[in-house]
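Chemist: upload_29.cif is reproduced in full below (mmCIF, C-alpha atoms).
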```cif
data_run
loop_
_atom_site.label_atom_id
_atom_site.label_comp_id
_atom_site.auth_asym_id
_atom_site.auth_seq_id
_atom_site.Cartn_x
_atom_site.Cartn_y
_atom_site.Cartn_z
CA MET A 157 53.48 -22.60 -3.30
CA HIS A 158 55.04 -19.65 -1.45
CA LYS A 159 58.21 -18.27 -3.07
CA ASN A 160 60.19 -18.83 0.14
CA GLN A 161 59.15 -22.48 0.10
CA GLU A 162 60.32 -22.80 -3.49
CA LYS A 163 63.70 -21.34 -2.49
CA LEU A 164 64.07 -23.70 0.48
CA LEU A 165 63.04 -26.70 -1.55
CA GLU A 166 65.63 -25.86 -4.18
CA LEU A 167 68.33 -25.38 -1.50
CA SER A 168 67.48 -28.78 -0.01
CA ARG A 169 68.69 -30.31 -3.27
CA LYS A 170 72.11 -28.70 -2.98
CA TYR A 171 72.83 -28.43 0.75
CA ASN A 172 72.39 -30.41 3.95
CA LEU A 173 70.12 -27.88 5.62
CA GLY A 174 69.88 -30.05 8.70
CA LYS A 175 73.47 -29.15 9.60
CA MET A 176 72.82 -25.42 9.30
CA THR A 177 71.16 -22.95 11.68
CA TYR A 178 67.92 -21.28 10.64
CA ARG A 179 69.84 -17.99 10.50
CA ASP A 180 72.43 -19.46 8.12
CA ILE A 181 69.66 -20.88 5.93
CA ALA A 182 67.93 -17.49 5.91
CA GLU A 183 71.10 -15.76 4.67
CA LEU A 184 71.64 -18.44 2.02
CA ALA A 185 68.05 -18.16 0.79
CA GLY A 186 67.84 -14.38 0.99
CA ILE A 187 65.06 -14.55 3.59
CA LYS A 188 64.89 -11.80 6.22
CA ASN A 189 64.73 -13.80 9.45
CA ALA A 190 65.24 -17.27 10.92
CA GLN A 191 61.65 -17.65 12.16
CA THR A 192 60.39 -17.28 8.61
CA VAL A 193 62.70 -20.12 7.55
CA LYS A 194 61.46 -22.29 10.42
CA HIS A 195 57.84 -21.64 9.46
CA HIS A 196 58.28 -22.46 5.78
CA LEU A 197 60.33 -25.60 6.45
CA SER A 198 57.49 -26.73 8.71
CA GLN A 199 54.97 -26.04 5.94
CA LEU A 200 57.04 -28.04 3.45
CA GLN A 201 57.08 -30.95 5.88
CA LYS A 202 53.30 -30.77 6.32
CA LYS A 203 52.91 -30.91 2.54
CA GLY A 204 55.07 -34.02 2.47
CA LEU A 205 57.79 -32.40 0.36
CA ILE A 206 60.58 -32.78 2.93
CA LYS A 207 61.36 -34.92 5.97
CA MET A 208 62.76 -32.79 8.77
CA ASP A 209 64.62 -33.81 11.94
CA ARG A 210 66.54 -30.77 13.12
CA GLU A 211 67.82 -32.52 16.24
CA GLY A 212 69.30 -35.28 14.13
CA GLY A 213 70.57 -32.80 11.57
CA VAL A 214 68.37 -33.94 8.71
CA VAL A 215 66.36 -31.97 6.19
CA GLU A 216 65.68 -34.46 3.42
CA ARG A 217 63.75 -33.79 0.24
CA ILE A 218 61.08 -36.43 -0.38
CA LYS A 219 61.52 -38.26 -3.67
CA GLU A 220 58.87 -40.06 -5.65
CA GLY A 221 58.99 -43.84 -5.76
CA VAL A 222 58.69 -46.73 -3.33
CA SER A 223 60.01 -46.22 0.21
CA ARG A 224 62.40 -48.99 1.26
CA MET A 225 61.23 -48.70 4.86
CA SER A 226 57.43 -48.54 4.55
CA GLY A 227 56.86 -49.92 1.05
CA LEU A 228 54.53 -47.00 0.39
CA VAL A 229 54.53 -45.30 -3.00
CA ALA A 230 55.18 -41.54 -2.93
CA ILE A 231 53.32 -39.90 -5.82
CA PRO A 232 53.72 -36.16 -6.57
CA VAL A 233 50.57 -34.05 -6.47
CA TYR A 234 50.30 -31.30 -9.09
CA GLY A 235 47.47 -29.04 -7.94
CA SER A 236 43.81 -29.46 -8.95
CA ALA A 237 41.77 -30.37 -12.01
CA ASP A 238 38.12 -29.70 -12.73
CA CYS A 239 35.41 -32.30 -13.04
CA GLY A 240 33.09 -29.76 -14.58
CA PRO A 241 33.68 -26.51 -16.48
CA ALA A 242 37.44 -26.06 -16.86
CA THR A 243 38.32 -23.24 -14.50
CA ARG A 244 41.38 -24.59 -12.67
CA PHE A 245 44.73 -23.72 -14.17
CA ALA A 246 47.09 -26.65 -14.62
CA GLU A 247 50.01 -26.66 -12.19
CA ASN A 248 53.52 -27.50 -13.30
CA TYR A 249 55.21 -27.93 -9.94
CA VAL A 250 54.88 -30.46 -7.14
CA GLN A 251 52.63 -29.14 -4.36
CA SER A 252 52.85 -32.20 -2.12
CA TYR A 253 53.13 -36.00 -2.15
CA ILE A 254 50.47 -38.59 -1.51
CA ARG A 255 51.65 -41.93 -0.09
CA VAL A 256 49.67 -45.02 -0.99
CA SER A 257 50.18 -48.76 -0.71
CA SER A 258 51.83 -50.35 -3.72
CA SER A 259 49.03 -52.94 -3.67
CA LEU A 260 46.61 -50.11 -4.51
CA VAL A 261 48.83 -48.26 -6.98
CA PRO A 262 51.80 -50.25 -8.32
CA TYR A 263 54.62 -47.79 -8.85
CA LYS A 264 55.93 -46.85 -12.25
CA LYS A 265 57.69 -43.75 -13.50
CA GLY A 266 55.36 -41.16 -14.94
CA LEU A 267 52.69 -41.41 -12.24
CA PHE A 268 51.40 -38.20 -10.67
CA ALA A 269 48.24 -37.06 -8.93
CA VAL A 270 45.80 -34.16 -9.05
CA GLN A 271 43.01 -33.36 -6.64
CA ALA A 272 39.56 -33.34 -8.21
CA ASP A 273 37.26 -30.33 -8.04
CA GLY A 274 33.68 -30.58 -9.28
CA PHE A 275 30.96 -33.19 -9.81
CA SER A 276 30.96 -34.01 -13.52
CA MET A 277 32.68 -37.39 -12.98
CA ASN A 278 30.78 -38.57 -9.90
CA LYS A 279 29.42 -41.58 -11.85
CA ALA A 280 32.78 -42.60 -13.30
CA LYS A 281 34.13 -46.10 -12.69
CA VAL A 282 37.90 -45.83 -12.43
CA GLY A 283 40.48 -48.51 -11.63
CA LYS A 284 40.06 -51.99 -10.20
CA ALA A 285 37.51 -50.87 -7.61
CA LYS A 286 35.51 -48.86 -10.18
CA ARG A 287 35.57 -45.74 -8.04
CA SER A 288 33.79 -42.50 -8.87
CA ILE A 289 35.57 -39.12 -8.84
CA GLU A 290 34.24 -36.57 -6.37
CA PRO A 291 35.57 -33.22 -5.11
CA GLY A 292 38.68 -33.67 -2.99
CA ASP A 293 39.54 -37.14 -4.33
CA TYR A 294 43.09 -37.78 -5.49
CA VAL A 295 43.16 -38.85 -9.12
CA ILE A 296 46.23 -40.89 -10.11
CA VAL A 297 47.42 -40.24 -13.65
CA ASP A 298 49.87 -42.11 -15.86
CA GLY A 299 51.61 -39.29 -17.69
CA ASP A 300 53.34 -41.66 -20.10
CA VAL A 301 50.07 -42.51 -21.86
CA THR A 302 49.63 -39.94 -24.61
CA VAL A 303 47.39 -41.97 -26.94
CA PRO A 304 44.36 -43.15 -24.94
CA GLU A 305 41.87 -45.71 -26.15
CA LYS A 306 38.18 -45.04 -26.63
CA GLY A 307 36.35 -44.86 -23.31
CA GLU A 308 39.41 -44.30 -21.13
CA TYR A 309 39.51 -41.51 -18.56
CA VAL A 310 42.04 -38.77 -19.22
CA LEU A 311 43.47 -35.60 -17.74
CA SER A 312 43.52 -32.88 -20.37
CA VAL A 313 44.76 -29.32 -20.55
CA ILE A 314 42.87 -26.96 -22.84
CA ASP A 315 43.90 -23.30 -23.03
CA GLY A 316 45.96 -23.81 -19.88
CA LEU A 317 43.01 -25.25 -17.93
CA ALA A 318 42.99 -28.79 -16.53
CA ASN A 319 40.01 -31.13 -16.60
CA ILE A 320 39.16 -34.82 -16.17
CA LYS A 321 36.85 -36.49 -18.69
CA LYS A 322 36.18 -39.69 -20.63
CA PHE A 323 37.92 -39.78 -24.01
CA TYR A 324 36.32 -40.57 -27.34
CA LEU A 325 37.93 -40.18 -30.76
CA ASP A 326 35.33 -39.63 -33.47
CA GLU A 327 37.30 -40.42 -36.61
CA GLU A 328 34.27 -40.12 -38.88
CA HIS A 329 33.79 -36.47 -37.96
CA GLN A 330 37.46 -35.82 -37.19
CA GLN A 331 36.91 -34.66 -33.64
CA VAL A 332 37.70 -35.55 -30.06
CA MET A 333 34.91 -35.65 -27.50
CA LEU A 334 35.58 -35.34 -23.76
CA VAL A 335 32.52 -36.65 -21.97
CA SER A 336 31.29 -36.28 -18.39
CA GLU A 337 29.79 -39.10 -16.32
CA SER A 338 27.65 -37.38 -13.74
CA THR A 339 24.34 -37.27 -11.91
CA LYS A 340 24.01 -33.82 -13.49
CA ASP A 341 23.76 -32.96 -17.16
CA TYR A 342 27.09 -31.63 -18.43
CA PRO A 343 27.63 -31.04 -22.16
CA PRO A 344 30.70 -32.67 -23.72
CA ILE A 345 33.83 -30.80 -24.69
CA VAL A 346 34.21 -31.16 -28.46
CA ILE A 347 37.54 -30.49 -30.14
CA GLY A 348 37.67 -30.23 -33.90
CA GLU A 349 40.61 -31.07 -36.11
CA SER A 350 41.64 -27.41 -36.41
CA GLU A 351 41.82 -27.04 -32.61
CA ILE A 352 43.77 -30.23 -31.91
CA GLY A 353 46.95 -28.16 -31.48
CA GLN A 354 45.42 -26.47 -28.44
CA TYR A 355 44.53 -29.80 -26.83
CA VAL A 356 47.15 -31.26 -24.50
CA LEU A 357 46.64 -34.74 -23.13
CA SER A 358 48.46 -34.94 -19.80
CA GLY A 359 47.84 -38.64 -19.24
CA LYS A 360 45.47 -41.50 -18.57
CA VAL A 361 43.58 -41.68 -15.27
CA VAL A 362 44.43 -45.06 -13.71
CA GLU A 363 43.12 -44.91 -10.13
CA VAL A 364 41.22 -42.80 -7.62
CA ILE A 365 42.16 -42.42 -3.96
CA LYS A 366 39.01 -41.38 -2.14
CA ASN A 367 39.38 -38.40 0.17
CA VAL A 368 38.17 -39.06 3.69
CA LYS A 369 35.41 -36.66 4.73
CA ILE A 370 36.00 -35.91 8.43
#
```
When written as structure tokens, how does the structure in this file appear?
Modeler:
Amino acid sequence: MHKNQEKLLELSRKYNLGKMTYRDIAELAGIKNAQTVKHHLSQLQKKGLIKMDREGGVVERIKEGVSRMSGLVAIPVYGSADCGPATRFAENYVQSYIRVSSSLVPYKKGLFAVQADGFSMNKAKVGKAKRSIEPGDYVIVDGDVTVPEKGEYVLSVIDGLANIKKFYLDEEHQQVMLVSESTKDYPPIVIGESEIGQYVLSGKVVEVIKNVKI
């Protein structure tokens, strides 16, 4: 996310930006000109992070949860995760929101989403519909689950890199195995007891929202 967008998003928490001119917002944010403010507010709206109605004097920060008006669940999206070799760095800030029907993803605190990148989980069977995970799909994660069961899908962070795999705990050999389910042959990620401290489980994968290919 652009630094100016981060500034504007933070200001939207503290001020009613809808009642201010772009020039006033620029001065408050330390941004050089009003057109830059207008551009970045527009970008934040496209990402689903704010709802903007300048004529009505509203710049409202989108919050996660169920909308009272539409009934849709707003789930924060935190960047991308690999379904393959772990090359994507984990993100720790909200990049956008995805809105889905509560009948597809019942809302609970702790839910977030990442966008999949790679093919190592294209034979996975996630959620009620048993959906696979392909590049561009939105993977819904329950961040409150820190102790997964054998065979569950998880989002992990290893050495600061995010990946999606199937979880197996091998107690006999004191190791964790993160396994791919793919049409291609991907070796598992094996984590020994001495490396467990470097392994961060970010949550359990609970659903997949397929990305429409236009």
Chemist: Can you work out the spacing between atom CA of Ile320 of chain A and atom CA of Lys279 of chain A in Å, to one decimal?
Modeler: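 Rounded to one decimal, the two atoms are 12.6 Å apart.
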Chemist: If you measure from atom CA of Glu349 of chain A to atom CA of Val301 of chain A, what distance in Å do you get, rounded to one decimal?
Modeler: 20.6 Å
Chemist: Atom CA of Gly292 of chain A to atom CA of His195 of chain A: how many Å, to one decimal?
Modeler: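 That distance, rounded to one decimal, is 25.8 Å.
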Chemist: Would you give the centre and edge lengths, in Å to one decimal, of a box along x, y and z around the listed atoms of segment 235-239 of chain A, with 8 Å added to each side, as lines of an AutoDock Vina configuration file?
Modeler:
```
center_x = 41.4
center_y = -30.7
center_z = -10.5
size_x = 28.1
size_y = 19.3
size_z = 21.1
```
Chemist: Using all atoms listed in the file, which of A:Gly204, A:Phe323, A:Ser336, A:Gln199 sits nearest Asn160 of chain A?
Modeler: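 Looking only at the distances to Asn160 of chain A, the closest residue turns out to be A:Gln199.
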Chemist: Run the PyMOL selection byres ((chain A and resi 367) around 6) on the file and write out the hits as a PyMOL selection string.
Modeler: chain A and resi 292-293+366+368
Chemist: Excluding Val332 of chain A and its own-chain neighbours fewer than 3 positions away, which residues fall within 10 Å of it when counting only C-alpha atoms? Please give them as a ChimeraX atom specification.
Modeler: /A:323-327,329,335,344-349,351-352,355
Chemist: For segment 250-265 of chain A, work out the shell of residues within 7 Å, counting all atoms listed in the file and skipping chain neighbours fewer than 4 positions away, then give it as a PyMOL selection string.
Modeler: chain A and resi 157+203-205+221-222+227-235
Chemist: Create the file for the chosen residues now, containing C-alpha atoms and written as a PDB file, keeping the file's coordinate frame.
Modeler:
```
ATOM      1  CA  MET A 157      53.480 -22.600  -3.300  1.00  0.00           C
ATOM      2  CA  LYS A 203      52.910 -30.910   2.540  1.00  0.00           C
ATOM      3  CA  GLY A 204      55.070 -34.020   2.470  1.00  0.00           C
ATOM      4  CA  LEU A 205      57.790 -32.400   0.360  1.00  0.00           C
ATOM      5  CA  GLY A 221      58.990 -43.840  -5.760  1.00  0.00           C
ATOM      6  CA  VAL A 222      58.690 -46.730  -3.330  1.00  0.00           C
ATOM      7  CA  GLY A 227      56.860 -49.920   1.050  1.00  0.00           C
ATOM      8  CA  LEU A 228      54.530 -47.000   0.390  1.00  0.00           C
ATOM      9  CA  VAL A 229      54.530 -45.300  -3.000  1.00  0.00           C
ATOM     10  CA  ALA A 230      55.180 -41.540  -2.930  1.00  0.00           C
ATOM     11  CA  ILE A 231      53.320 -39.900  -5.820  1.00  0.00           C
ATOM     12  CA  PRO A 232      53.720 -36.160  -6.570  1.00  0.00           C
ATOM     13  CA  VAL A 233      50.570 -34.050  -6.470  1.00  0.00           C
ATOM     14  CA  TYR A 234      50.300 -31.300  -9.090  1.00  0.00           C
ATOM     15  CA  GLY A 235      47.470 -29.040  -7.940  1.00  0.00           C
TER      16      GLY A 235
END
```
Chemist: Please write as a PyMOL selection string the full residue list that the PyMOL selection byres ((chain A and resi 312) around 12) yields on this file.
Modeler: chain A and resi 236-239+242+244-246+270+297+299+301-304+309-311+313-323+332-335+345+347+352+354-361
Chemist: Using all atoms listed in the file, which residue out of A:Pro343, A:Ala269, A:Lys163, A:Pro291 lies closest to Val362 of chain A?
Modeler: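 The shortest atom-to-atom distance to Val362 of chain A comes from A:Ala269.
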Chemist: Between A:Leu267, A:Ile289, A:Ala190, A:Ala185, single out the one closest to Leu167 of chain A, counting all atoms listed in the file.
Modeler: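 Closest to Leu167 of chain A, using all atoms listed in the file: A:Ala185.
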Chemist: Taking only C-alpha atoms into account, name the residue in A:Met277, A:Ala272, A:Leu184, A:Met176 that is nearest to Ile365 of chain A.
Modeler: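 Nearest candidate to Ile365 of chain A out of A:Met277, A:Ala272, A:Leu184, A:Met176: A:Ala272.
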Chemist: For this structure, which residues satisfy the selection - the PyMOL selection byres ((chain A and resi 288) around 8) - when it is evaluated on the file as given? I want them as a PyMOL selection string.
Modeler: chain A and resi 277-282+286-287+289-290+364
Chemist: Considering only C-alpha atoms, can you say which of A:Thr177, A:Ser276, A:Thr192, A:Gln271 comes closest to Gln161 of chain A?
Modeler: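 Using only C-alpha atoms, the shortest distance to Gln161 of chain A belongs to A:Thr192.
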Chemist: Using only C-alpha atoms for the distances, tell me which of A:Gly307, A:Gly274, A:Gly283, A:Gly174 is nearest to Glu363 of chain A.
Modeler: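 For Glu363 of chain A, the nearest of the candidates is A:Gly283.
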